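Note: the block below is coords.tsv and it holds TSV, C-alpha atoms.
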```tsv
chain	number	residue	atom	x	y	z
A	1	MET	CA	44.02	106.12	-31.43
A	2	LYS	CA	41.65	106.04	-28.48
A	3	LEU	CA	41.79	108.87	-25.97
A	4	GLY	CA	40.89	108.83	-22.29
A	5	THR	CA	41.63	110.95	-19.24
A	6	GLY	CA	41.88	111.04	-15.44
A	7	LEU	CA	43.50	109.93	-13.21
A	8	PHE	CA	41.13	110.75	-10.38
A	9	THR	CA	42.88	110.85	-7.01
A	10	ALA	CA	40.64	113.10	-4.84
A	11	GLN	CA	43.73	114.71	-3.33
A	12	GLN	CA	43.19	117.87	-1.31
A	13	ARG	CA	45.93	120.45	-1.56
A	14	PRO	CA	46.61	122.60	1.52
A	15	ASP	CA	45.12	125.64	-0.24
A	16	ASP	CA	41.90	123.78	-1.11
A	17	ASP	CA	39.21	124.38	1.56
A	18	ARG	CA	36.52	122.15	0.05
A	19	GLU	CA	34.96	119.28	1.97
A	20	PRO	CA	36.12	115.79	0.97
A	21	SER	CA	32.63	115.02	-0.30
A	22	GLU	CA	32.99	117.89	-2.77
A	23	LEU	CA	36.16	116.33	-4.16
A	24	TYR	CA	34.29	113.09	-4.77
A	25	ASP	CA	31.39	114.98	-6.34
A	26	GLU	CA	33.97	116.58	-8.63
A	27	ILE	CA	35.05	113.11	-9.80
A	28	LEU	CA	31.48	112.25	-10.79
A	29	THR	CA	30.99	115.60	-12.51
A	30	LEU	CA	34.15	115.09	-14.53
A	31	THR	CA	33.18	111.50	-15.34
A	32	ARG	CA	29.88	112.66	-16.82
A	33	GLU	CA	31.63	115.38	-18.80
A	34	ILE	CA	34.25	112.95	-20.13
A	35	GLU	CA	31.49	110.80	-21.59
A	36	ALA	CA	29.61	113.87	-22.88
A	37	ALA	CA	32.79	115.03	-24.61
A	38	GLY	CA	32.98	111.75	-26.54
A	39	LEU	CA	36.21	110.53	-24.99
A	40	ASP	CA	36.86	106.82	-24.63
A	41	SER	CA	37.79	106.25	-21.00
A	42	ALA	CA	38.10	107.63	-17.45
A	43	TRP	CA	40.50	106.36	-14.80
A	44	VAL	CA	41.16	106.33	-11.07
A	45	SER	CA	44.39	105.78	-9.14
A	46	GLU	CA	45.09	104.29	-5.71
A	47	HIS	CA	47.25	104.99	-2.66
A	48	HIS	CA	46.72	104.69	1.09
A	49	PHE	CA	47.32	106.63	4.33
A	50	ALA	CA	48.07	109.89	2.51
A	51	GLU	CA	47.64	113.16	4.40
A	52	ASP	CA	45.94	114.72	1.39
A	53	GLY	CA	43.30	111.96	1.13
A	54	TYR	CA	44.62	110.29	-2.02
A	55	LEU	CA	41.88	107.96	-3.28
A	56	SER	CA	42.11	104.53	-1.66
A	57	GLY	CA	38.78	102.94	-2.61
A	58	THR	CA	39.13	102.31	-6.33
A	59	MET	CA	36.29	99.80	-6.61
A	60	PRO	CA	33.65	101.99	-4.87
A	61	ALA	CA	34.75	104.95	-6.99
A	62	LEU	CA	34.53	102.94	-10.20
A	63	GLY	CA	31.10	101.64	-9.20
A	64	ALA	CA	29.87	105.20	-8.79
A	65	MET	CA	31.41	106.16	-12.14
A	66	ALA	CA	29.72	103.19	-13.78
A	67	ALA	CA	26.34	104.41	-12.54
A	68	GLU	CA	26.97	107.86	-14.05
A	69	THR	CA	27.82	106.64	-17.55
A	70	ASP	CA	26.51	104.44	-20.36
A	71	ALA	CA	29.37	103.78	-22.77
A	72	LEU	CA	32.60	105.02	-21.20
A	73	GLU	CA	35.41	102.58	-20.42
A	74	ILE	CA	36.31	102.97	-16.74
A	75	GLY	CA	39.33	101.58	-15.01
A	76	SER	CA	42.05	101.68	-12.39
A	77	CYS	CA	45.43	103.00	-13.40
A	78	VAL	CA	46.43	101.43	-11.18
A	79	SER	CA	45.21	99.35	-8.24
A	80	LEU	CA	47.95	98.01	-5.98
A	81	GLY	CA	47.51	94.29	-6.58
A	82	PRO	CA	49.67	92.78	-3.80
A	83	LEU	CA	47.69	94.63	-1.10
A	84	TYR	CA	44.35	93.00	-1.98
A	85	ASP	CA	42.60	89.95	-0.66
A	86	PRO	CA	42.12	88.18	-4.01
A	87	ILE	CA	38.59	86.93	-3.33
A	88	ARG	CA	37.33	90.41	-2.42
A	89	LEU	CA	39.07	91.95	-5.43
A	90	ALA	CA	37.57	89.34	-7.76
A	91	GLU	CA	34.11	89.87	-6.27
A	92	ASP	CA	34.30	93.66	-6.23
A	93	ALA	CA	35.69	93.99	-9.75
A	94	ALA	CA	33.05	91.64	-11.14
A	95	THR	CA	30.35	93.61	-9.33
A	96	VAL	CA	31.58	96.90	-10.82
A	97	ASP	CA	31.78	95.26	-14.25
A	98	LEU	CA	28.15	94.16	-13.96
A	99	PHE	CA	27.04	97.68	-13.05
A	100	ALA	CA	29.12	98.93	-15.99
A	101	ASP	CA	27.78	96.27	-18.36
A	102	GLY	CA	31.28	95.06	-19.24
A	103	ARG	CA	33.07	98.43	-19.38
A	104	LEU	CA	35.64	97.87	-16.60
A	105	THR	CA	39.38	97.48	-17.14
A	106	LEU	CA	41.30	96.43	-14.04
A	107	GLY	CA	44.77	97.95	-14.00
A	108	LEU	CA	47.21	96.46	-11.51
A	109	ALA	CA	50.80	97.09	-10.43
A	110	ILE	CA	53.15	95.87	-7.73
A	111	GLY	CA	53.20	99.06	-5.63
A	112	SER	CA	56.18	100.70	-3.99
A	113	ASN	CA	55.48	102.72	-0.84
A	114	PRO	CA	57.03	100.97	2.20
A	115	ARG	CA	54.39	102.22	4.65
A	116	GLU	CA	51.53	100.80	2.60
A	117	PHE	CA	53.09	97.35	2.68
A	118	ASP	CA	53.95	97.61	6.38
A	119	VAL	CA	50.43	98.60	7.41
A	120	PHE	CA	48.80	95.97	5.22
A	121	GLY	CA	51.19	93.38	6.61
A	122	VAL	CA	52.44	92.35	3.17
A	123	PRO	CA	56.19	91.71	2.75
A	124	ARG	CA	57.44	94.22	0.21
A	125	ASP	CA	59.92	91.75	-1.25
A	126	GLU	CA	57.00	89.51	-2.26
A	127	ARG	CA	55.17	92.16	-4.27
A	128	ALA	CA	56.17	90.98	-7.75
A	129	ASP	CA	55.43	87.36	-6.94
A	130	ARG	CA	52.11	88.28	-5.35
A	131	LEU	CA	51.03	90.20	-8.43
A	132	ALA	CA	52.09	87.29	-10.65
A	133	ASP	CA	49.97	85.01	-8.44
A	134	LEU	CA	46.98	87.37	-8.44
A	135	VAL	CA	46.41	87.44	-12.21
A	136	PRO	CA	45.67	83.71	-12.68
A	137	PHE	CA	43.63	83.78	-9.46
A	138	LEU	CA	41.38	86.46	-10.94
A	139	ARG	CA	41.15	84.58	-14.23
A	140	GLY	CA	40.04	81.48	-12.36
A	141	ALA	CA	37.60	83.39	-10.17
A	142	TRP	CA	35.88	84.96	-13.17
A	143	SER	CA	35.71	81.78	-15.23
A	144	ALA	CA	32.65	79.53	-15.24
A	145	GLY	CA	32.55	77.04	-12.39
A	146	ASP	CA	35.17	76.61	-9.69
A	147	LEU	CA	38.31	78.67	-9.11
A	148	ALA	CA	40.53	75.76	-10.22
A	149	TYR	CA	43.68	77.57	-9.05
A	150	GLU	CA	45.88	77.06	-6.00
A	151	SER	CA	47.38	80.35	-4.83
A	152	ALA	CA	50.90	80.42	-3.44
A	153	PHE	CA	49.95	83.19	-1.00
A	154	HIS	CA	46.30	82.67	-0.09
A	155	ASP	CA	44.73	79.57	1.39
A	156	VAL	CA	41.67	79.35	-0.85
A	157	PRO	CA	40.24	75.96	-1.90
A	158	ALA	CA	40.42	75.40	-5.65
A	159	ASP	CA	36.92	73.91	-5.70
A	160	VAL	CA	35.13	77.07	-4.57
A	161	SER	CA	33.08	79.08	-7.07
A	162	ILE	CA	33.59	82.80	-6.58
A	163	THR	CA	30.63	84.98	-7.51
A	164	PRO	CA	29.48	87.10	-9.16
A	165	LYS	CA	30.98	86.50	-12.57
A	166	PRO	CA	31.68	89.54	-14.79
A	167	ALA	CA	29.38	90.77	-17.53
A	168	GLY	CA	31.57	89.19	-20.21
A	169	GLU	CA	33.92	86.23	-20.16
A	170	SER	CA	36.36	88.16	-17.97
A	171	VAL	CA	37.43	91.64	-16.89
A	172	PRO	CA	40.38	92.84	-18.99
A	173	ILE	CA	43.53	93.04	-16.87
A	174	MET	CA	46.06	95.77	-17.54
A	175	LEU	CA	49.47	95.65	-15.87
A	176	GLY	CA	51.70	98.66	-15.30
A	177	GLY	CA	55.43	99.16	-14.84
A	178	GLY	CA	58.31	100.16	-17.07
A	179	ALA	CA	61.00	97.67	-16.00
A	180	LYS	CA	61.66	94.74	-18.33
A	181	PRO	CA	60.28	92.06	-15.96
A	182	ALA	CA	57.05	94.06	-15.50
A	183	VAL	CA	56.64	94.65	-19.22
A	184	ARG	CA	57.22	90.99	-20.05
A	185	ARG	CA	54.88	89.89	-17.24
A	186	ALA	CA	52.18	91.98	-18.86
A	187	ALA	CA	52.95	90.55	-22.30
A	188	ARG	CA	52.67	86.96	-21.09
A	189	THR	CA	49.80	87.13	-18.62
A	190	ALA	CA	47.65	90.24	-19.10
A	191	ASP	CA	45.31	91.76	-21.67
A	192	ALA	CA	47.07	95.12	-21.73
A	193	TRP	CA	50.10	97.10	-20.60
A	194	CYS	CA	50.26	100.74	-19.52
A	195	ALA	CA	53.38	102.76	-20.20
A	196	PRO	CA	54.20	105.05	-17.24
A	197	SER	CA	54.47	108.79	-17.80
A	198	SER	CA	58.22	108.75	-17.10
A	199	LEU	CA	58.97	106.94	-20.37
A	200	SER	CA	59.92	108.79	-23.54
A	201	ILE	CA	58.26	107.91	-26.84
A	202	GLU	CA	61.32	105.88	-27.77
A	203	GLY	CA	61.23	104.15	-24.40
A	204	VAL	CA	57.60	103.18	-24.98
A	205	ARG	CA	58.33	102.05	-28.55
A	206	LYS	CA	61.13	99.71	-27.42
A	207	ARG	CA	58.90	98.15	-24.77
A	208	VAL	CA	56.01	97.70	-27.18
A	209	ALA	CA	58.36	95.96	-29.60
A	210	ASP	CA	59.48	93.69	-26.75
A	211	ILE	CA	55.86	92.93	-25.84
A	212	ARG	CA	55.05	91.95	-29.41
A	213	SER	CA	58.15	89.77	-29.60
A	214	VAL	CA	57.37	88.01	-26.32
A	215	ARG	CA	53.77	87.37	-27.34
A	216	GLU	CA	54.77	86.07	-30.75
A	217	GLU	CA	57.30	83.68	-29.22
A	218	ALA	CA	54.65	82.46	-26.78
A	219	GLY	CA	52.11	81.96	-29.55
A	220	LEU	CA	49.71	84.53	-28.04
A	221	ASP	CA	47.54	86.08	-30.73
A	222	ASP	CA	44.55	87.34	-28.73
A	223	GLU	CA	43.80	91.05	-28.42
A	224	PHE	CA	46.34	93.05	-26.41
A	225	THR	CA	45.99	96.78	-25.72
A	226	ILE	CA	48.78	99.30	-25.30
A	227	TYR	CA	47.88	102.18	-22.99
A	228	VAL	CA	50.15	105.22	-22.68
A	229	LEU	CA	49.91	107.60	-19.73
A	230	GLN	CA	51.08	111.20	-19.82
A	231	HIS	CA	50.18	114.42	-17.99
A	232	GLY	CA	48.92	117.35	-19.99
A	233	TRP	CA	46.50	120.18	-20.64
A	234	VAL	CA	44.65	121.78	-23.53
A	235	GLY	CA	44.35	125.56	-23.46
A	236	ASP	CA	44.32	128.72	-25.56
A	237	SER	CA	48.12	128.89	-25.73
A	238	ARG	CA	51.12	126.84	-24.75
A	239	GLU	CA	52.08	129.30	-22.02
A	240	GLY	CA	48.53	129.53	-20.69
A	241	ALA	CA	48.08	125.76	-20.62
A	242	TRP	CA	51.30	125.34	-18.65
A	243	GLU	CA	50.40	128.05	-16.15
A	244	THR	CA	47.03	126.39	-15.52
A	245	MET	CA	48.32	122.85	-14.97
A	246	LYS	CA	51.73	123.32	-13.36
A	247	GLY	CA	50.60	123.94	-9.76
A	248	GLY	CA	48.57	120.73	-9.56
A	249	TYR	CA	51.09	118.84	-11.68
A	250	PHE	CA	54.06	119.74	-9.50
A	251	TYR	CA	52.01	119.07	-6.37
A	252	ILE	CA	51.11	115.53	-7.40
A	253	GLN	CA	54.66	114.81	-8.55
A	254	ARG	CA	56.02	115.95	-5.19
A	255	ARG	CA	53.53	113.68	-3.45
A	256	TYR	CA	54.55	110.80	-5.74
A	257	ALA	CA	58.18	111.36	-4.81
A	258	GLU	CA	57.12	110.88	-1.19
A	259	ILE	CA	54.94	107.86	-1.93
A	260	PHE	CA	57.60	106.05	-3.93
A	261	SER	CA	60.44	106.81	-1.52
A	262	GLY	CA	58.57	106.71	1.78
A	263	GLU	CA	60.36	109.95	2.74
A	264	SER	CA	59.21	113.57	3.05
A	265	VAL	CA	59.82	115.83	0.04
A	266	GLU	CA	59.33	119.51	0.78
A	267	GLU	CA	59.95	120.80	-2.74
A	268	LEU	CA	60.93	119.48	-6.15
A	269	ASP	CA	64.32	120.74	-7.25
A	270	PRO	CA	64.57	122.97	-10.36
A	271	GLU	CA	66.10	120.22	-12.49
A	272	ARG	CA	63.23	117.86	-11.69
A	273	LYS	CA	60.70	120.57	-12.54
A	274	ARG	CA	62.36	121.13	-15.91
A	275	GLU	CA	62.32	117.39	-16.56
A	276	LEU	CA	58.63	117.15	-15.70
A	277	LYS	CA	57.78	120.10	-17.95
A	278	ASP	CA	59.62	118.42	-20.82
A	279	GLN	CA	57.65	115.20	-20.26
A	280	ALA	CA	54.19	116.80	-20.19
A	281	ILE	CA	52.05	117.48	-23.25
A	282	PHE	CA	50.34	120.87	-23.19
A	283	GLY	CA	49.32	123.75	-25.40
A	284	THR	CA	46.67	124.58	-27.97
A	285	PRO	CA	44.58	121.75	-29.43
A	286	GLU	CA	46.79	121.82	-32.52
A	287	GLN	CA	49.98	121.58	-30.47
A	288	VAL	CA	48.59	118.70	-28.41
A	289	VAL	CA	47.48	116.85	-31.56
A	290	GLU	CA	50.94	117.26	-33.03
A	291	GLU	CA	52.58	115.64	-30.01
A	292	LEU	CA	50.04	112.83	-29.79
A	293	GLN	CA	50.55	112.12	-33.49
A	294	GLU	CA	54.17	111.32	-32.67
A	295	TYR	CA	52.98	108.52	-30.38
A	296	ARG	CA	50.69	107.18	-33.09
A	297	GLU	CA	53.51	107.22	-35.63
A	298	ALA	CA	55.80	105.35	-33.22
A	299	LEU	CA	53.27	102.83	-31.86
A	300	GLY	CA	50.51	102.46	-34.44
A	301	ASP	CA	46.86	103.41	-34.63
A	302	ASP	CA	45.59	101.04	-31.95
A	303	VAL	CA	47.23	102.73	-28.93
A	304	HIS	CA	44.94	104.00	-26.14
A	305	PHE	CA	46.33	107.27	-24.79
A	306	ILE	CA	45.41	108.27	-21.23
A	307	PHE	CA	45.87	112.05	-21.25
A	308	ARG	CA	46.08	112.92	-17.58
A	309	THR	CA	44.24	116.21	-17.07
A	310	TYR	CA	43.15	115.73	-13.45
A	311	HIS	CA	45.58	117.90	-11.49
A	312	PRO	CA	44.57	118.48	-7.84
A	313	GLY	CA	43.33	121.97	-7.07
A	314	VAL	CA	43.21	123.26	-10.65
A	315	GLY	CA	39.45	123.80	-10.44
A	316	THR	CA	36.42	121.86	-11.63
A	317	GLU	CA	35.33	124.35	-14.30
A	318	GLU	CA	38.83	124.51	-15.73
A	319	MET	CA	39.08	120.71	-15.88
A	320	VAL	CA	35.64	120.42	-17.50
A	321	ASP	CA	36.68	122.95	-20.15
A	322	CYS	CA	39.92	121.03	-20.79
A	323	VAL	CA	38.01	117.73	-21.09
A	324	HIS	CA	35.68	119.19	-23.72
A	325	ARG	CA	38.51	120.72	-25.69
A	326	LEU	CA	40.20	117.33	-25.60
A	327	GLY	CA	37.04	115.68	-26.90
A	328	ASP	CA	35.95	118.35	-29.38
A	329	GLU	CA	39.25	119.67	-30.74
A	330	VAL	CA	41.88	116.96	-30.18
A	331	ALA	CA	40.24	113.54	-30.42
A	332	PRO	CA	38.71	114.00	-33.92
A	333	SER	CA	42.19	114.51	-35.40
A	334	LEU	CA	43.42	111.21	-33.95
A	335	ARG	CA	40.61	108.90	-35.12
```
How does the structure come out when it is put into structure tokens?
Amino acid sequence: MKLGTGLFTAQQRPDDDREPSELYDEILTLTREIEAAGLDSAWVSEHHFAEDGYLSGTMPALGAMAAETDALEIGSCVSLGPLYDPIRLAEDAATVDLFADGRLTLGLAIGSNPREFDVFGVPRDERADRLADLVPFLRGAWSAGDLAYESAFHDVPADVSITPKPAGESVPIMLGGGAKPAVRRAARTADAWCAPSSLSIEGVRKRVADIRSVREEAGLDDEFTIYVLQHGWVGDSREGAWETMKGGYFYIQRRYAEIFSGESVEELDPERKRELKDQAIFGTPEQVVEELQEYREALGDDVHFIFRTYHPGVGTEEMVDCVHRLGDEVAPSLR
């Protein structure tokens, strides 16, 4: 089992008086520490027009992270595919991949927030079709020679060669989403799928079985990676770990409720807080290992777990300590 962490969002809670530049410096500090701790990957996330400054520039952030590391896989989990001009995304991702010497994974999803689609001028009811159109466009853009693809949404000549090309044959594309159409889209067209944090282990297992079935029926036998995302924390005790993470965890979940609905959410209700606590993985290194072992038993050894330890406002030193405990005391038991 591989183990990574993130997801960097650069959100500024109301009780955080740091300058925005300090939040971005924190991302680079944590990126360096993630590699130093021997973890496998570090990830960013994307949203737009948020009052708390939620990270919007995934490609610039990943470029900076690439420059700070030598071996770490870096990626977006996720970028909002339908909102991108496909040429610029192909160019920018290839550029980051060159700086990273082939270490980029481009995670994409359809998006949800109505305001984001309105401001970008993209019809929200086209989001699934636009993402389905984007994946072969990127494949064509990164292949040798001309694009050789006619987009249904973008008037780009098929005989244009988009440069630069990535460090390898292509940039691995990971697709997110837990609904059956999203999961099967990933199985048929992508290099990887990421299970959202809302899914139970059994929910992930069923979708992974579906992915394998779809790929077998389609005769696809190339490498395909299963990523699993879940919030968590490693501390001295289960109670202490929860007390450290819960403020930032509940904050980001409240903000997600607003992002996904497009409506203001003043406070999460008690039932939702209980549900979120049940979903998260936290405690001593031994307790965290025990829970992660359950995923390995259900999904196999080749799963890549993204253990989300970046919770806005928790504190840089605390997150660095958690990252090193994850690398020193959790990861060795999973490899």
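Distances here use all atoms listed in the file; by that measure, the residue among A:Pro166, A:Gly313, A:Pro332, A:Pro270 closest to Gln293 in chain A is A:Pro332.
When CA of Asp222 in chain A is paired with CA of Gly145 in chain A, their separation reads 22.7 Å.
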| said: Give me the residues near range 54-56 of chain A as a VMD selection string, where near means some atom within 7 Å (using all atoms listed in the file) and where sequence neighbours in that chain fewer than 5 positions away do not count. | reply: chain A and resid 9 to 11 45 to 48
| field | Nearest candidate to Leu147 in chain A (options A:Val160, A:Leu62, A:Ile27, A:Ala109; using all atoms listed in the file) | value |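 Closest to Leu147 in chain A, using all atoms listed in the file: A:Val160.
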| said: Between CA of Trp233 in chain A and CA of Thr309 in chain A, what distance in Å does the model show, to one decimal? | reply: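 Separation between CA of Trp233 in chain A and CA of Thr309 in chain A: 5.8 Å.
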| field | Nearest-residue call for Leu83 in chain A, choices A:Ala158, A:Ala192, A:Ile259, A:Ala128, using only C-alpha atoms | value |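 Comparing A:Ala158, A:Ala192, A:Ile259, A:Ala128 against Leu83 in chain A, the winner is A:Ala128.
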